[in-house]
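Engineer: Quick one: the structure is below, questions incoming.
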Amino acid sequence: MKRILTLLLTTIMLATLGTSYVVAEEIPDITVTLDGEKIEFPDAKPYIWKDRTLVPIRFVSEAMGADVSWNGGEQEVTIVKDRDTIITHILSSKATLNGVLYTFDVPAMIKGDRTFVPLRFVAEMLNCDVKWDENTYTVTITSPSEPVAFPKPELTVHFPEHEFEGKLFWITMDNVRDYSDCNNYQFKIDFTNPAEFNVIDINMGAILGWETHNINSWRSAKKNGDEIFSVSSKYYTTLENKEKLELKDGMPMEFTLSVKRLCSGEVKEYHYTETFKCPYPAKQ
């Protein structure tokens, strides 16, 4: 009986060792380099989870020149580099970059007293290029060598041909593809003539009644489509302004488009003029 038990235990130990050996072969250590220099992880190693490489955020961020702070009470990680501030929370798949919310595939988590986050997401938020070599299990991070040129918007103002379109006019950005990292941009439009287009009253129903909204506020650019702004044929200004604003075919329109790049804090302004076309009366 003792011989059988000994043989059984030996078989289990050999099977366990064999399994460990196979796992070690299949999942080797992950190497992370930044601009050709290997990043050292003294007490916590990167690992792969759900096809994403998670890394101890402090070591990687500090190698990139960013500052990392931890709020244990809120389970909150804050990464600051130059003008950029990234905030995320443990077990959350969301983060904010300069106040703008983003979502990534896997959540931040704690393992062995270290905070791990998806490497690609954080590196790209800090404007770095990330490449993965599956043959060598190497992540290559490259810092931006120089600032990306600030795109110059190319706008077109459109006027409807039929009343059923429901728009007084709308504005498209013809080179929207130049803003490929459009989550990094915000814009706003200010009308100088007629300035009444900057404020609108909207009927919110019998309970809420009429509400006034300012349209000349910052908003995020869209990833799909080229329309960046539109004015309704019904709600194009306030009720008070409608009494004094007369829309005429051929009247001049002037507006300023402001574009803000969040990663650098740059703001650029572009001025446009257009001739108003009024193919049908605006709804009162």
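Each chain in the structure tokens gets a letter, A, B, ..., in the order shown, and its residues are numbered from 1; ligands are numbered from 1 in order too.
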Give the alpha helix (DSSP H) residues of region 68-231 of chain A, as assigned by DSSP on the backbone, as a count of residues only.

Structural biologist: 7

Engineer: Which residues are close to region 81-95 of chain A, i.e. within 7 Å by only C-alpha atoms, leaving aside same-chain residues fewer than 5 positions away? Reply as number ranges by chain.

Structural biologist: A: 65-67, 75-76, 101-109, 263-265

Engineer: Pick out each residue of region 13-199 of chain A that DSSP on the backbone tags as strand (DSSP E or B); I need them as JSON, numbers by chain.

Structural biologist: {"A": [31, 32, 33, 34, 37, 38, 47, 48, 49, 52, 53, 54, 55, 56, 67, 68, 69, 70, 71, 76, 77, 78, 79, 80, 81, 84, 85, 86, 87, 88, 89, 90, 94, 95, 96, 97, 100, 101, 102, 103, 108, 109, 110, 111, 114, 115, 116, 117, 118, 129, 130, 131, 132, 133, 138, 139, 140, 141, 142, 155, 156, 157, 158, 167, 168, 169, 170, 171, 172, 173, 185, 186, 187, 188, 189, 190, 191, 192, 193, 199]}

Engineer: When you look at region 112-120 of chain A with a cut-off of 7 Å (counting only C-alpha atoms), what residues show up, excluding the ones that are within fewer than 4 positions of it in the same chain? I need them as a ChimeraX atom specification.

Structural biologist: /A:52-57,106-108,124,130

Engineer: Report as JSON lines: every residue of region 241-280 of chain A with an atom at most 12 Å from region 225-231 of chain A, its closest pair of atoms, and their distance in Å to one decimal, counting only C-alpha atoms, with rows sorted by chain and ascending residue number.

Structural biologist:
```
{"residue": "A:Phe255", "atom": "CA", "partner": "A:Phe229", "partner_atom": "CA", "distance": 12.0}
{"residue": "A:Leu257", "atom": "CA", "partner": "A:Phe229", "partner_atom": "CA", "distance": 10.5}
{"residue": "A:Val259", "atom": "CA", "partner": "A:Ile228", "partner_atom": "CA", "distance": 11.7}
```

Engineer: Could you save the residues just selected, with C-alpha atoms, as a compact mmCIF listing (two decimals), in the first residue's frame?

Structural biologist:
```txt
# COMPACT_ATOMS: atom_id res chain seq x y z
CA PHE A 255 -18.08 83.01 -37.50
CA LEU A 257 -13.98 78.19 -35.34
CA VAL A 259 -9.86 74.23 -32.20
```

Engineer: Applying 7 Å and only C-alpha atoms, which residues near Phe191 (chain A) remain after dropping the ones on its own chain fewer than 6 positions away? List them as a ChimeraX atom specification.

Structural biologist: /A:197-198,254-256

Engineer: How would the residues just chosen look if you wrote them out with C-alpha atoms as a PDB file, in the first residue's frame?

Structural biologist:
```pdb
ATOM      1  CA  PHE A 197     -27.120  82.284 -33.611  1.00  0.00           C
ATOM      2  CA  ASN A 198     -24.985  81.728 -30.476  1.00  0.00           C
ATOM      3  CA  GLU A 254     -19.328  85.508 -40.060  1.00  0.00           C
ATOM      4  CA  PHE A 255     -18.078  83.013 -37.500  1.00  0.00           C
ATOM      5  CA  THR A 256     -14.910  81.845 -35.759  1.00  0.00           C
TER       6      THR A 256
END
```

Engineer: Kindly indicate which residue among A:Tyr270, A:Phe169, A:Tyr47, A:Tyr137 lies nearest to Pro151 (chain A), using only C-alpha atoms for the distances.

Structural biologist: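 Residue with the minimum atom-to-atom distance to Pro151 (chain A): A:Tyr270.
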
Engineer: Check the smallest atom-to-atom distance from each of A:His213, A:Ser220, A:Glu40, A:Thr138 to Arg261 (chain A) using only C-alpha atoms, then report the winner.

Structural biologist: A:Ser220

Engineer: I'd like the contact shell of Asp249 (chain A) - 7 Å cut-off, only C-alpha atoms, skipping same-chain residues fewer than 3 positions apart - returned as a list in words.

Structural biologist: Phe276, Lys277 and Cys278 of chain A

Engineer: Would you save the residues from that selection as a CSV table (one decimal), in the first residue's frame, using C-alpha atoms?

Structural biologist:
```csv
chain,number,residue,atom,x,y,z
A,276,PHE,CA,-26.7,83.2,-46.1
A,277,LYS,CA,-29.1,81.3,-48.4
A,278,CYS,CA,-32.7,81.1,-47.4
```

Engineer: Give me, as a ChimeraX atom specification, all polymer residues having an atom no more than 8 Å from Tyr235 (chain A), counting only C-alpha atoms and skipping those fewer than 3 positions away in the same chain.

Structural biologist: /A:200-202,231-232,238
